[in-house]
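Just below is one structure, and these are the notes that go with it.
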Amino acid sequence: MKYYSYFPGCSSSEGTAVAYGLSTQAIASALGMELIELEDWNCCGSTPYGSTEELEAACVAARDLALAEKTGLDLVTPCSSCYTTLNKVNSQLKEYPDLKAKVDECLAAAGLKYQGEVKVRHLFEVIYNDIGLDVVKSKVVNPLRGLRVAPYYGCQLVRPEPGFDNPWNPQSIDHLIVTLGAEPVPYPLKDRCCGGSLVIPELDLALGLIHKLLESAASNGAQCIVTVCPLCQTNLDAYQDMVNRKFRTKYNLPVLFFTQLIGLALGVEPKALALDKAIVSAEAVLSPYTKVAEPAVQTRGGVTYG
Amino acid sequence: MKTKAYLMIKMERENGGDGHRSAIKELEAMPEVEVVASVSGEYDLVGVAMVDTPKGVAGVANKIQAKEWVKSLHVLRVEPAAPNPFLDEVCSTPGGESIRWCAQCGMCSASCPNVAQMDYSPRKIIALVRAGRRYDILTSNTMWICASCYLCTVRCPKDVKITELMHALERLSTRHGLSYGRATPAMYRAFIDSIKNNGRVHELGMMTRFYLLTLSTGKMNPLATIKMLPLALKLLLRGRMSIMPTKIKGSKQLKTIVERAQALGGAR
């Protein structure tokens, strides 16, 4: 069993991406991960805080880092925005001593201390590197044979830092899809932007980006899209209807979290994967894979038996 | 006042190819040198150096002339450098310093998914910062429709952190009160208020506050808000929006941290 400090982020804990948090918990122990939720974490600040007041933003993220440092474990988050934000603050504190001194002072005022030792990691990267696709493959009891899945990397898993995958042509989600027995659909826009939180203030702009993505995935034969980011899932899923009305299209592409796809292949019961939270229903596409006679792993309320 | 000098550097002819590239790198590494450009069709270079006094030009010229690959050096022009406080302001923010080495190749603009809707493309924004056009930049829409996708940043051949620059410009625009009339800063405001109140973002509360902020100042059409209701309802019915916010236990602690940061007056 591998132990991690877990940072769900606001949307995956009880917001628009609650299915991401639930499905993460549902597959964690089956994959040999113990995700211990960081006690009393706060929002990382994301892009809005960093783009408004930089010292406050760094301090808000530093509180989480300071709390995580006490656990002595790597801090794992399923959210690409939390991942980028916490990582950015972490490296800024190393690069800019003046900023570090001020952040230290602010943390000290609240009785906290951060020495810069925490490693911030994305859940996908942890499963890909620490658990390994070999282990994932060995647990597959319900291979998703014939399912054509479009891997959607989004922006902030592979950028801005060249990390575990190639930022120009990422491949890791494609590999995961193959591991689960499904077929990755190549399409040119797999790492392009969905608009992120701009969907709120600049709806038309974001709908244009979402439309291009859906078109690229659908025209290349995808039956569903799999994503690693709560914002991407919400934009592609919840706004699909608006795209259809605006551009007179008829997309009906379910958008799954990668944790849900893993869960299906591992034979976790669909209810525990919160597939019913999606607005574009995945029922028709997934029906050949959801009726497993005897699931190897039964999950109830996030606890795994068997 | 600082002095700007334009230097013509002729190179030894056998110094082509890699030698040419390493010469440019060597010059760029000098703290006084701002920009180096190749003279088309020749192996020669033009360098722009920034020094404190006109006398300092000789020092830089001697340093360059001492390099073994330099055949001859001519000072083309010496002029007082116009102060550019805006450039200094941008450069003093984390990530902003990198715009000094932008080569204006335009890779950022070609990579940007939202460039068609921007008042100025990312490349142009950098040129305008260098030209000191503070008001034009800080009232433009460019940084507010940057989606932080970082495609420009990973593609930039000069490692300019363009996305960070956009964030820096957003901060400056807000700080100087020039973001008025735009919807993105209102969304940021609602987002941050939610963090300050609860420690976490409560999406329903944040959205409601955003629409109230924008409707009350006429930034958004009431019809656009009504159009969002069916979507909000769908999310609510599927349990994807919590009605009540979750307040963290350490919200007082967070408040103390934020207030101290405010008392320190920002990162600089």
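Ligands are numbered from 1 in the order shown, chains are lettered A, B, ... in the order of the structure tokens, and residues start at 1 in each chain.
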
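Selected on chain A by distance to chain B: A:Cys10, A:Gly15, A:Thr16, A:Asp40, A:Asn42, A:Cys43, A:Pro48, A:Ser51, A:Thr52, A:Leu55, A:Glu56, A:Leu99, A:Cys106, A:Leu107, A:Ala110, A:Cys155, A:Pro160, A:Cys193, A:Gly195, A:Pro201, A:Lys277 (within 6 Å, counting only C-alpha atoms).
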
Inset, instruction - From a DSSP pass on the backbone, collect the residues of region 224-268 of chain A flagged as strand (DSSP E or B) and hand them back as a list in words. - result: Cys224, Ile225, Val226, Thr227, Val255, Leu256 and Phe257 of chain A

Could the residues in this selection be saved with N, CA and C atoms as a PDB file, in the first residue's frame?
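Result went into selection.pdb, see below:
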```pdb
ATOM      1  N   CYS A 224     -16.715   8.290 -26.583  1.00  0.00           N
ATOM      2  CA  CYS A 224     -16.728   9.083 -25.365  1.00  0.00           C
ATOM      3  C   CYS A 224     -15.366   9.748 -25.204  1.00  0.00           C
ATOM      4  N   ILE A 225     -15.328  10.725 -24.285  1.00  0.00           N
ATOM      5  CA  ILE A 225     -14.085  11.452 -24.021  1.00  0.00           C
ATOM      6  C   ILE A 225     -13.682  11.127 -22.592  1.00  0.00           C
ATOM      7  N   VAL A 226     -12.382  10.986 -22.357  1.00  0.00           N
ATOM      8  CA  VAL A 226     -11.942  10.785 -20.974  1.00  0.00           C
ATOM      9  C   VAL A 226     -10.999  11.923 -20.600  1.00  0.00           C
ATOM     10  N   THR A 227     -11.196  12.465 -19.399  1.00  0.00           N
ATOM     11  CA  THR A 227     -10.442  13.642 -18.990  1.00  0.00           C
ATOM     12  C   THR A 227      -9.837  13.483 -17.598  1.00  0.00           C
ATOM     13  N   VAL A 255     -18.658  12.442 -21.287  1.00  0.00           N
ATOM     14  CA  VAL A 255     -17.312  12.842 -20.873  1.00  0.00           C
ATOM     15  C   VAL A 255     -17.033  12.233 -19.499  1.00  0.00           C
ATOM     16  N   LEU A 256     -16.097  11.286 -19.468  1.00  0.00           N
ATOM     17  CA  LEU A 256     -15.812  10.558 -18.224  1.00  0.00           C
ATOM     18  C   LEU A 256     -14.514  11.035 -17.597  1.00  0.00           C
ATOM     19  N   PHE A 257     -14.424  10.871 -16.290  1.00  0.00           N
ATOM     20  CA  PHE A 257     -13.140  11.053 -15.624  1.00  0.00           C
ATOM     21  C   PHE A 257     -12.341   9.774 -15.807  1.00  0.00           C
TER      22      PHE A 257
END
```

Inset, instruction - Fewer than 3 positions away in the same chain doesn't count, so skip those; otherwise give me all residues within 12 Å of Thr85 (chain A), counting only C-alpha atoms, as a ChimeraX atom specification. - result: /A:9,43-51,54,57-62,64-65,77,79-82,88-92,120-122,156-157,159-161 /B:148,164

As an mmCIF file with C-alpha atoms, in the first residue's frame, please: the residues near Gly106 (chain B) (cut-off 10 Å, only C-alpha atoms, same-chain neighbours under 6 positions excluded).
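What ended up in around13.cif:
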```cif
data_model
loop_
_atom_site.group_PDB
_atom_site.id
_atom_site.type_symbol
_atom_site.label_atom_id
_atom_site.label_comp_id
_atom_site.auth_asym_id
_atom_site.auth_seq_id
_atom_site.Cartn_x
_atom_site.Cartn_y
_atom_site.Cartn_z
ATOM 1 C CA SER B 121 -1.948 39.544 -29.724
ATOM 2 C CA PRO B 122 0.488 38.241 -27.082
ATOM 3 C CA ARG B 123 3.475 39.199 -29.263
ATOM 4 C CA LYS B 124 2.107 42.706 -29.711
ATOM 5 C CA CYS B 152 2.504 29.827 -25.700
ATOM 6 C CA CYS B 156 8.313 29.973 -26.734
#
```

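Residues in contact with Asn220 (chain A) at up to 9 Å, not including ones fewer than 6 positions away on its chain and judged by only C-alpha atoms, are Ala150, Val185, Pro186 and Tyr187 of chain A.
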
Next, dump the selected residues to file, keeping only N, CA and C atoms, as a CSV table (one decimal), in the first residue's frame.
```
chain,number,residue,atom,x,y,z
A,150,ALA,N,-11.7,9.0,-26.6
A,150,ALA,CA,-10.8,10.1,-27.0
A,150,ALA,C,-10.1,10.6,-25.7
A,185,VAL,N,-8.6,7.1,-29.4
A,185,VAL,CA,-8.9,7.7,-30.7
A,185,VAL,C,-7.9,8.9,-30.9
A,186,PRO,N,-7.1,8.8,-31.9
A,186,PRO,CA,-6.2,9.9,-32.2
A,186,PRO,C,-7.0,11.1,-32.7
A,187,TYR,N,-6.8,12.3,-32.2
A,187,TYR,CA,-7.5,13.5,-32.7
A,187,TYR,C,-6.6,14.7,-32.4
```

Inset, instruction - Run DSSP on the backbone of this structure and report the residues of region 90-209 of chain A it assigns to alpha helix (DSSP H), as a VMD selection string. - result: chain A and resid 90 to 95 97 to 109 123 to 126 133 to 139 172 to 179 203 to 209

Please write the residues from the selection above to a file, keeping C-alpha atoms, as a PDB file, in the first residue's frame.
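What landed in again-v2.pdb:
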```
ATOM      1  CA  ASN A  90       6.064  25.862  -4.642  1.00  0.00           C
ATOM      2  CA  SER A  91       8.641  26.777  -7.287  1.00  0.00           C
ATOM      3  CA  GLN A  92       8.139  30.551  -6.899  1.00  0.00           C
ATOM      4  CA  LEU A  93       9.013  30.203  -3.216  1.00  0.00           C
ATOM      5  CA  LYS A  94      12.302  28.581  -4.245  1.00  0.00           C
ATOM      6  CA  GLU A  95      13.066  31.047  -7.045  1.00  0.00           C
ATOM      7  CA  PRO A  97      13.695  34.731  -1.862  1.00  0.00           C
ATOM      8  CA  ASP A  98      11.929  38.089  -1.304  1.00  0.00           C
ATOM      9  CA  LEU A  99       8.556  36.478  -1.890  1.00  0.00           C
ATOM     10  CA  LYS A 100       9.511  33.546   0.337  1.00  0.00           C
ATOM     11  CA  ALA A 101      10.448  35.878   3.205  1.00  0.00           C
ATOM     12  CA  LYS A 102       7.077  37.630   3.050  1.00  0.00           C
ATOM     13  CA  VAL A 103       5.135  34.373   2.786  1.00  0.00           C
ATOM     14  CA  ASP A 104       7.076  33.020   5.774  1.00  0.00           C
ATOM     15  CA  GLU A 105       6.114  36.091   7.775  1.00  0.00           C
ATOM     16  CA  CYS A 106       2.419  35.704   6.899  1.00  0.00           C
ATOM     17  CA  LEU A 107       2.418  31.996   7.757  1.00  0.00           C
ATOM     18  CA  ALA A 108       4.242  32.662  11.012  1.00  0.00           C
ATOM     19  CA  ALA A 109       1.507  35.136  11.985  1.00  0.00           C
ATOM     20  CA  LEU A 123      -3.395  11.809  -9.346  1.00  0.00           C
ATOM     21  CA  PHE A 124      -3.034  10.686 -12.951  1.00  0.00           C
ATOM     22  CA  GLU A 125       0.745  10.963 -12.772  1.00  0.00           C
ATOM     23  CA  VAL A 126       0.795   8.990  -9.505  1.00  0.00           C
ATOM     24  CA  LEU A 133       0.187   0.545 -15.887  1.00  0.00           C
ATOM     25  CA  ASP A 134       1.388  -3.055 -15.417  1.00  0.00           C
ATOM     26  CA  VAL A 135      -0.305  -3.197 -12.031  1.00  0.00           C
ATOM     27  CA  VAL A 136      -3.427  -1.511 -13.402  1.00  0.00           C
ATOM     28  CA  LYS A 137      -3.488  -4.084 -16.194  1.00  0.00           C
ATOM     29  CA  SER A 138      -3.193  -6.971 -13.758  1.00  0.00           C
ATOM     30  CA  LYS A 139      -6.354  -5.742 -11.977  1.00  0.00           C
ATOM     31  CA  SER A 172       0.180   8.891 -21.246  1.00  0.00           C
ATOM     32  CA  ILE A 173      -3.650   8.830 -21.316  1.00  0.00           C
ATOM     33  CA  ASP A 174      -3.499   6.960 -24.636  1.00  0.00           C
ATOM     34  CA  HIS A 175      -1.395   4.319 -22.885  1.00  0.00           C
ATOM     35  CA  LEU A 176      -3.874   4.064 -20.018  1.00  0.00           C
ATOM     36  CA  ILE A 177      -6.765   3.573 -22.454  1.00  0.00           C
ATOM     37  CA  VAL A 178      -4.881   0.700 -24.142  1.00  0.00           C
ATOM     38  CA  THR A 179      -4.153  -0.796 -20.710  1.00  0.00           C
ATOM     39  CA  LEU A 203     -19.354  32.185 -22.427  1.00  0.00           C
ATOM     40  CA  ASP A 204     -19.333  32.638 -26.215  1.00  0.00           C
ATOM     41  CA  LEU A 205     -15.567  32.432 -26.386  1.00  0.00           C
ATOM     42  CA  ALA A 206     -15.522  29.212 -24.348  1.00  0.00           C
ATOM     43  CA  LEU A 207     -18.407  27.650 -26.309  1.00  0.00           C
ATOM     44  CA  GLY A 208     -16.323  28.144 -29.467  1.00  0.00           C
ATOM     45  CA  LEU A 209     -13.389  26.266 -27.919  1.00  0.00           C
TER      46      LEU A 209
END
```

Inset, instruction - Tell me which protein, DNA and RNA residues are within 9 Å of Arg100 (chain B), counting only C-alpha atoms, leaving out same-chain ones fewer than 3 positions away, and put them as a list in words. - result: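 After dropping sequence-adjacent residues, the list is Glu34, Val35, Leu87, Cys91, Gly96, Glu97, Ala103, Ile126, Arg130 and Val160 of chain B.
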
Inset, instruction - Calculate how many Å separate CA of Asp52 (chain B) from CA of Ala81 (chain B), rounding to one decimal. - result: 9.6 Å

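Nearest residue to Leu264 (chain A), choosing from A:Pro288, A:Gly21, A:Pro188, A:Gly132 and counting only C-alpha atoms: A:Pro288.
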
Inset, instruction - Identify, on the basis of only C-alpha atoms, every residue whose closest approach to region 139-141 of chain B does not exceed 7 Å; exclude the query and any residue fewer than 4 positions from it along the same chain; express the result as a count of residues only. - result: 6

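Among B:Leu223, B:Ala37, B:Met8, B:Ala127, the residue with the shortest atom-to-atom distance to His20 (chain B), counting only C-alpha atoms, is B:Ala37.
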